[in-house]
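For reference, the structure discussed in these notes is given below.
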Amino acid sequence: MPAYKDGDTWFVKFYYQDWTGERKVKKKRGFKTKKEALQFERAFIEKASGKNDSITVSDLCDQFLEFKKNRVKPTTLRGYQQAIDNHIKPYFGSRPAASVSPLDVIKWQNSQYDTASGNTLHGRHVVLSSIYNFGRKYYKLTNNPASEAGFQVKEDPPKLKFWTKDQYDSFMETITDPKAYILYETLYWSGMRIGELLALTFNDIDWENNIIRIRRNMVRVDGQNIVYSPKTKSSVRDVLMPGFYMDELREYSDKVYDKSGRLFEFVSNANAVQKVFRDRIRKTDLPEITIHDLRHSHASLLINMGAPVVLVSDRLGHGDSSVTLRVYSHLFPSKQKEIVDRLNQLR
């Protein structure tokens with residue numbers, strides 16, 4: 001492990017194996033002494049090999065993000081980055097990753113408990129656990145303190161907002177723009193996500209069977225619209241639509257000259273849809289909701305119609321029915337009295 005003189009300073013140049021096993025070369029200049037140069041070389045080789053239990057949480061986070069950079073969608077990577085920069089690094093920072101205990105993780109959770117929702121806290125916990133799983137695999141860490149600590153679910157008060165059918169009808173009576181009208185109708189009667197709607201093309205419409213095929217999702221990353229596969233595998237689905245809606249959609253389609261692009265080409269991005277939607281609501285006496293809440297309104301409509309949870313789950317593109325129950329559980333009990341009344345009739 002030689003160091004080399006370079007005028008008044010020292011430098012090192014050496015080969016090393018990174019944590020993937022690939023052989024690389026490293027050169028670093030500007031050390032005041034030969035000792036400093038050699039210390040840097042030893043520390044760098046240990047860290048790069050993934051065999052150094054003294055790697056800090058901060059460095060482990062950086063390696064995790066580098067690993068994930070080309071393996072997840074940009075929106076997912078951005079979520080990792082935000083959790084790391086705002087909540088993991090500021091708390092654990094330069095601590096050796098191997099020194100973090102389950103109790104430390106619990107204290108970290110508690111430090112955020114009053115400032116974020118249960119879902120947000122759980123998401124940050126998942127990121128920390130994923131970082132440690134990465135560390136165990138590639139940096140020989142012996143445990144995952146986040147996994148051992150677990151996550152105590154924080155029960156959030158219900159914040160779900162939606163419109164009743166009457167409220168939705170009242171709002172639609174104020175819409176005179178035919179393009180906006182069919183856009184809102186599509187969201188309300190299908191329950192699809194705004195990104196799924198924006199990615200629709202004319203080829204996704206099965207006119208004969210009244211089906212909208214959801215195959216893509218459009219997201220905005222760094223000011224650019226990018227079309228990806230849907231949020232999850234279960235989000236790829238065929239949504240059967242009511243006949244009256246298909247008549248409305250056909251009328252809209254007949255007026256579109258170029259059918260080679262997106263179905264709603266006149267909309268640039270989800271934020272633009274939300275802004276116009278909000279402005280229109282504020283001209284009414286209706287409770288304010290977001291454009292995403294039209295999806296909740298659709299789910300509420302189905303539940304109040306007596307639709308089974310499995311059907312609601314399939315229509316919304318949830319991974320399984322437990323997701324639907326977790327989001328809309330407070331809506332289902334409203335049907336219990338009706339069920340008990342029917343049970344009473346059996347005796």
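Lettering and numbering for the structure tokens are positional, with chains as A, B, ... in the shown order, residues counted from 1 in each chain, and ligands counted from 1 in the shown order.
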Exercise. Quick one: DSSP strand (DSSP E or B) residues in segment 85-304 of chain A, as a PyMOL selection string?
Worked result: chain A and resi 96+201+205-206+211-214+217-221+224-228+237-240+262
Please identify all polymer residues within 9 Å of segment 300-317 of chain A, counting only C-alpha atoms, omitting same-chain residues fewer than 3 positions from it, and present them as a PDB file with C-alpha atoms, in the first residue's frame.
```
ATOM      1  CA  PHE A 162     -65.580  12.238  -0.450  1.00  0.00           C
ATOM      2  CA  TRP A 163     -68.777  13.519  -1.988  1.00  0.00           C
ATOM      3  CA  THR A 164     -72.130  11.809  -1.902  1.00  0.00           C
ATOM      4  CA  LYS A 165     -73.823  11.149  -5.224  1.00  0.00           C
ATOM      5  CA  SER A 190     -64.343   4.462 -12.705  1.00  0.00           C
ATOM      6  CA  GLY A 191     -62.510   5.235  -9.454  1.00  0.00           C
ATOM      7  CA  MET A 192     -59.208   5.324 -11.324  1.00  0.00           C
ATOM      8  CA  ARG A 193     -56.239   7.378 -10.165  1.00  0.00           C
ATOM      9  CA  THR A 232     -48.742  -2.015  -8.669  1.00  0.00           C
ATOM     10  CA  LYS A 233     -49.344  -5.184 -10.684  1.00  0.00           C
ATOM     11  CA  SER A 234     -52.928  -5.270  -9.458  1.00  0.00           C
ATOM     12  CA  SER A 235     -53.410  -1.770 -10.860  1.00  0.00           C
ATOM     13  CA  VAL A 236     -53.363  -3.284 -14.349  1.00  0.00           C
ATOM     14  CA  ARG A 237     -57.064  -3.948 -14.793  1.00  0.00           C
ATOM     15  CA  ASP A 238     -60.154  -3.690 -16.971  1.00  0.00           C
ATOM     16  CA  VAL A 239     -62.865  -1.417 -15.584  1.00  0.00           C
ATOM     17  CA  LEU A 240     -66.387  -2.083 -16.820  1.00  0.00           C
ATOM     18  CA  ARG A 295     -61.750   8.054  -6.366  1.00  0.00           C
ATOM     19  CA  HIS A 296     -62.858   7.861  -2.714  1.00  0.00           C
ATOM     20  CA  SER A 297     -66.282   9.128  -3.748  1.00  0.00           C
ATOM     21  CA  ASP A 320     -55.819  -7.240  -1.965  1.00  0.00           C
ATOM     22  CA  SER A 321     -59.001  -6.605  -0.040  1.00  0.00           C
ATOM     23  CA  SER A 322     -57.118  -5.772   3.162  1.00  0.00           C
ATOM     24  CA  VAL A 323     -55.958  -2.515   1.561  1.00  0.00           C
ATOM     25  CA  THR A 324     -59.546  -1.598   0.727  1.00  0.00           C
ATOM     26  CA  LEU A 325     -60.718  -2.431   4.237  1.00  0.00           C
ATOM     27  CA  TYR A 328     -62.567   2.443   3.818  1.00  0.00           C
ATOM     28  CA  LEU A 331     -67.699   3.168   5.663  1.00  0.00           C
ATOM     29  CA  PHE A 332     -68.559  -0.522   5.878  1.00  0.00           C
ATOM     30  CA  SER A 334     -72.889   1.678   8.138  1.00  0.00           C
ATOM     31  CA  LYS A 335     -74.318  -1.499   6.609  1.00  0.00           C
TER      32      LYS A 335
END
```
For this session: Mind listing the alpha helix (DSSP H) residues of segment 145-249 of chain A, per DSSP on the backbone, as JSON, numbers by chain?
Result: {"A": [145, 146, 147, 148, 149, 165, 166, 167, 168, 169, 170, 171, 172, 178, 179, 180, 181, 182, 183, 184, 185, 186, 187, 188, 189, 190, 194, 195, 196, 197, 198, 243, 244, 245, 246, 247, 248, 249]}
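Atom CA of Arg220 of chain A is positioned 9.7 Å from atom CA of Ser268 of chain A.
Closest to Val153 of chain A among A:Leu121, A:Ala37, A:Ile339, A:Val100 is A:Leu121, based on only C-alpha atoms.
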Problem set entry | Distance query segment 69-82 of chain A at most 8 Å, only C-alpha atoms, self and fewer than 5 positions along chain excluded, as a list in words | His87, Val127, Val219 and Val221 of chain A
Write out, as a PDB file, in the first residue's frame, the residues just selected, with N, CA, C and O atoms.
```pdb
ATOM      1  N   HIS A  87     -35.289  12.865   7.563  1.00  0.00           N
ATOM      2  CA  HIS A  87     -35.651  12.189   8.805  1.00  0.00           C
ATOM      3  C   HIS A  87     -34.665  11.127   9.292  1.00  0.00           C
ATOM      4  O   HIS A  87     -34.616  10.857  10.484  1.00  0.00           O
ATOM      5  N   VAL A 127     -38.497   2.553   4.902  1.00  0.00           N
ATOM      6  CA  VAL A 127     -37.262   2.971   4.239  1.00  0.00           C
ATOM      7  C   VAL A 127     -36.050   2.616   5.098  1.00  0.00           C
ATOM      8  O   VAL A 127     -35.064   2.053   4.600  1.00  0.00           O
ATOM      9  N   VAL A 219     -46.799  10.163 -14.459  1.00  0.00           N
ATOM     10  CA  VAL A 219     -46.336  10.937 -13.311  1.00  0.00           C
ATOM     11  C   VAL A 219     -45.481  12.094 -13.820  1.00  0.00           C
ATOM     12  O   VAL A 219     -44.965  12.066 -14.935  1.00  0.00           O
ATOM     13  N   VAL A 221     -42.123  14.174 -13.097  1.00  0.00           N
ATOM     14  CA  VAL A 221     -40.839  14.124 -12.402  1.00  0.00           C
ATOM     15  C   VAL A 221     -39.950  15.234 -12.945  1.00  0.00           C
ATOM     16  O   VAL A 221     -39.672  15.281 -14.150  1.00  0.00           O
TER      17      VAL A 221
END
```
For this session: Determine, counting only C-alpha atoms, which protein, DNA and RNA residues have an atom within 12 Å of an atom of Glu173 of chain A; residues of the same chain fewer than 6 positions away are not included. Present the result as a ChimeraX atom specification.
Result: /A:166-167,181,184-185,280-281,284
Convert the current residue selection to file output with all heavy atoms, as a compact mmCIF listing (two decimals), in the first residue's frame.
```txt
# COMPACT_ATOMS: atom_id res chain seq x y z
N ASP A 166 -75.35 12.91 -4.51
CA ASP A 166 -76.08 14.18 -4.66
C ASP A 166 -75.11 15.36 -4.75
O ASP A 166 -75.33 16.30 -5.52
CB ASP A 166 -77.06 14.39 -3.50
CG ASP A 166 -78.26 13.47 -3.58
OD1 ASP A 166 -78.51 12.92 -4.67
OD2 ASP A 166 -78.93 13.27 -2.54
N GLN A 167 -74.06 15.33 -3.93
CA GLN A 167 -73.08 16.41 -3.98
C GLN A 167 -72.34 16.43 -5.31
O GLN A 167 -72.08 17.49 -5.88
CB GLN A 167 -72.09 16.26 -2.81
CG GLN A 167 -72.69 16.59 -1.46
CD GLN A 167 -71.74 16.28 -0.32
OE1 GLN A 167 -71.02 15.27 -0.35
NE2 GLN A 167 -71.74 17.13 0.70
N TYR A 181 -66.06 18.16 -18.21
CA TYR A 181 -67.19 17.31 -17.80
C TYR A 181 -66.85 15.83 -17.96
O TYR A 181 -67.04 15.04 -17.04
CB TYR A 181 -68.42 17.67 -18.63
CG TYR A 181 -69.69 17.00 -18.16
CD1 TYR A 181 -70.54 17.64 -17.26
CD2 TYR A 181 -70.05 15.74 -18.62
CE1 TYR A 181 -71.70 17.03 -16.82
CE2 TYR A 181 -71.21 15.10 -18.19
CZ TYR A 181 -72.03 15.76 -17.29
OH TYR A 181 -73.17 15.14 -16.86
N TYR A 184 -64.12 14.61 -15.39
CA TYR A 184 -64.63 14.34 -14.05
C TYR A 184 -65.52 13.10 -14.04
O TYR A 184 -65.47 12.31 -13.09
CB TYR A 184 -65.42 15.54 -13.53
CG TYR A 184 -64.62 16.81 -13.41
CD1 TYR A 184 -65.19 18.06 -13.70
CD2 TYR A 184 -63.28 16.79 -13.02
CE1 TYR A 184 -64.46 19.23 -13.60
CE2 TYR A 184 -62.54 17.96 -12.92
CZ TYR A 184 -63.13 19.17 -13.21
OH TYR A 184 -62.39 20.34 -13.11
N GLU A 185 -66.30 12.92 -15.09
CA GLU A 185 -67.16 11.73 -15.18
C GLU A 185 -66.30 10.46 -15.20
O GLU A 185 -66.65 9.45 -14.57
CB GLU A 185 -68.01 11.80 -16.45
CG GLU A 185 -69.18 12.75 -16.38
CD GLU A 185 -70.36 12.15 -15.64
OE1 GLU A 185 -70.41 12.31 -14.40
OE2 GLU A 185 -71.22 11.54 -16.30
N ARG A 280 -63.02 25.57 -9.16
CA ARG A 280 -64.44 25.40 -9.48
C ARG A 280 -65.25 25.08 -8.23
O ARG A 280 -66.38 25.54 -8.08
CB ARG A 280 -64.59 24.29 -10.52
CG ARG A 280 -64.20 24.74 -11.93
CD ARG A 280 -64.32 23.63 -12.94
NE ARG A 280 -64.19 24.16 -14.30
CZ ARG A 280 -63.56 23.54 -15.28
NH1 ARG A 280 -63.00 22.36 -15.07
NH2 ARG A 280 -63.50 24.08 -16.48
N ILE A 281 -64.67 24.27 -7.33
CA ILE A 281 -65.40 23.93 -6.10
C ILE A 281 -65.64 25.19 -5.26
O ILE A 281 -66.71 25.36 -4.67
CB ILE A 281 -64.60 22.90 -5.27
CG1 ILE A 281 -64.53 21.56 -6.01
CG2 ILE A 281 -65.26 22.69 -3.90
CD1 ILE A 281 -63.65 20.54 -5.32
N THR A 284 -68.77 27.10 -5.41
CA THR A 284 -69.99 26.45 -4.96
C THR A 284 -70.03 26.44 -3.44
O THR A 284 -69.10 26.91 -2.77
CB THR A 284 -70.06 25.00 -5.47
OG1 THR A 284 -69.10 24.19 -4.74
CG2 THR A 284 -69.73 24.92 -6.95
```
Exercise. For Trp207 of chain A, which residue out of A:Arg342, A:Arg250, A:Lys27, A:Lys159 is the nearest one, using only C-alpha atoms?
Worked result: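 Going through A:Arg342, A:Arg250, A:Lys27, A:Lys159 one by one, the smallest distance to Trp207 of chain A is for A:Arg250.
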Problem set entry | Nearest to Ala3 of chain A, chosen from A:Thr142, A:Arg23, A:Met172, A:Lys34, with only C-alpha atoms counted in the distances | A:Lys34
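If you measure from each of A:Trp108, A:Tyr16, A:Ala146, A:Leu128 to Leu65 of chain A using only C-alpha atoms, the closest one turns out to be A:Leu128.
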For this session: Go ahead and compute the interatomic distance for atom CA of Gln274 of chain A and atom CA of Met218 of chain A, in Å to one decimal.
Result: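 Atom-to-atom, atom CA of Gln274 of chain A and atom CA of Met218 of chain A are spaced 14.8 Å apart.
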Would you pick out the contacts of Phe266 of chain A at 10 Å or less, using only C-alpha atoms, so that residues sharing its chain but fewer than 6 positions from it are not included, and give the list as a PDB file with C-alpha atoms, in the first residue's frame?
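Writing the result to part-v1.pdb gives the following:
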```pdb
ATOM      1  CA  LYS A 179     -63.903  18.425 -21.871  1.00  0.00           C
ATOM      2  CA  ALA A 180     -63.801  19.004 -18.113  1.00  0.00           C
ATOM      3  CA  LEU A 198     -53.834  10.979 -17.837  1.00  0.00           C
TER       4      LEU A 198
END
```
Determine, counting only C-alpha atoms, which protein, DNA and RNA residues have an atom within 10 Å of an atom of Tyr132 of chain A; residues of the same chain fewer than 2 positions away are not included. Present the result as a compact mmCIF listing (two decimals) with N, CA, C and O atoms, in the first residue's frame.
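Below is the file selection.txt, written as the result:
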```txt
# COMPACT_ATOMS: atom_id res chain seq x y z
N VAL A 57 -24.41 5.41 9.25
CA VAL A 57 -25.76 5.37 8.70
C VAL A 57 -25.84 6.26 7.47
O VAL A 57 -26.44 5.90 6.47
N LEU A 60 -24.22 4.54 4.56
CA LEU A 60 -25.05 3.42 4.15
C LEU A 60 -26.26 3.90 3.35
O LEU A 60 -26.64 3.29 2.36
N CYS A 61 -26.83 5.01 3.78
CA CYS A 61 -27.95 5.61 3.04
C CYS A 61 -27.53 5.98 1.61
O CYS A 61 -28.26 5.73 0.65
N PHE A 64 -27.19 2.91 -0.47
CA PHE A 64 -28.53 2.38 -0.73
C PHE A 64 -29.18 3.12 -1.90
O PHE A 64 -29.75 2.52 -2.81
N ALA A 97 -23.47 2.39 11.61
CA ALA A 97 -24.75 1.70 11.38
C ALA A 97 -24.91 0.51 12.31
O ALA A 97 -26.02 0.22 12.78
N ALA A 98 -23.79 -0.18 12.59
CA ALA A 98 -23.86 -1.37 13.43
C ALA A 98 -24.16 -1.05 14.89
O ALA A 98 -24.54 -1.93 15.66
N VAL A 126 -40.30 1.89 6.92
CA VAL A 126 -40.02 0.91 5.87
C VAL A 126 -38.73 1.26 5.14
O VAL A 126 -37.93 0.38 4.80
N VAL A 127 -38.50 2.55 4.90
CA VAL A 127 -37.26 2.97 4.24
C VAL A 127 -36.05 2.62 5.10
O VAL A 127 -35.06 2.05 4.60
N LEU A 128 -36.11 2.90 6.39
CA LEU A 128 -34.99 2.57 7.28
C LEU A 128 -34.75 1.07 7.31
O LEU A 128 -33.59 0.62 7.25
N SER A 129 -35.81 0.29 7.37
CA SER A 129 -35.65 -1.16 7.38
C SER A 129 -35.04 -1.65 6.07
O SER A 129 -34.20 -2.56 6.06
N SER A 130 -35.44 -1.07 4.95
CA SER A 130 -34.89 -1.45 3.65
C SER A 130 -33.40 -1.13 3.56
O SER A 130 -32.62 -1.89 2.99
N PHE A 134 -30.40 -3.88 3.05
CA PHE A 134 -29.32 -3.67 2.08
C PHE A 134 -27.97 -3.81 2.78
O PHE A 134 -27.05 -4.45 2.27
N GLY A 135 -27.84 -3.20 3.96
CA GLY A 135 -26.59 -3.27 4.71
C GLY A 135 -26.24 -4.69 5.13
O GLY A 135 -25.06 -5.08 5.13
N ARG A 136 -27.23 -5.47 5.50
CA ARG A 136 -26.97 -6.86 5.89
C ARG A 136 -26.46 -7.68 4.70
O ARG A 136 -25.58 -8.53 4.85
N LYS A 137 -27.01 -7.40 3.53
CA LYS A 137 -26.65 -8.19 2.35
C LYS A 137 -25.29 -7.81 1.78
O LYS A 137 -24.49 -8.67 1.40
N TYR A 138 -25.00 -6.51 1.76
CA TYR A 138 -23.81 -6.05 1.06
C TYR A 138 -22.72 -5.50 1.97
O TYR A 138 -21.58 -5.35 1.53
N TYR A 139 -23.06 -5.17 3.20
CA TYR A 139 -22.06 -4.62 4.11
C TYR A 139 -21.88 -5.47 5.36
O TYR A 139 -21.33 -5.02 6.35
N LEU A 141 -23.60 -6.31 7.79
CA LEU A 141 -24.18 -5.96 9.08
C LEU A 141 -24.91 -7.18 9.63
O LEU A 141 -25.50 -7.95 8.89
N THR A 142 -24.87 -7.34 10.92
CA THR A 142 -25.39 -8.58 11.51
C THR A 142 -26.86 -8.53 11.86
O THR A 142 -27.47 -9.57 12.12
N ASN A 143 -27.44 -7.35 11.91
CA ASN A 143 -28.85 -7.28 12.28
C ASN A 143 -29.54 -6.10 11.61
O ASN A 143 -28.90 -5.23 11.02
N ASN A 144 -30.87 -6.09 11.71
CA ASN A 144 -31.69 -5.00 11.21
C ASN A 144 -32.48 -4.46 12.39
O ASN A 144 -33.54 -4.99 12.73
N PRO A 145 -31.99 -3.40 13.04
CA PRO A 145 -32.66 -2.89 14.24
C PRO A 145 -34.07 -2.36 13.95
O PRO A 145 -34.93 -2.40 14.84
N ALA A 146 -34.32 -1.89 12.73
CA ALA A 146 -35.65 -1.41 12.39
C ALA A 146 -36.64 -2.57 12.37
O ALA A 146 -37.77 -2.46 12.88
N SER A 147 -36.22 -3.68 11.79
CA SER A 147 -37.08 -4.86 11.76
C SER A 147 -37.33 -5.40 13.15
O SER A 147 -38.44 -5.80 13.50
```
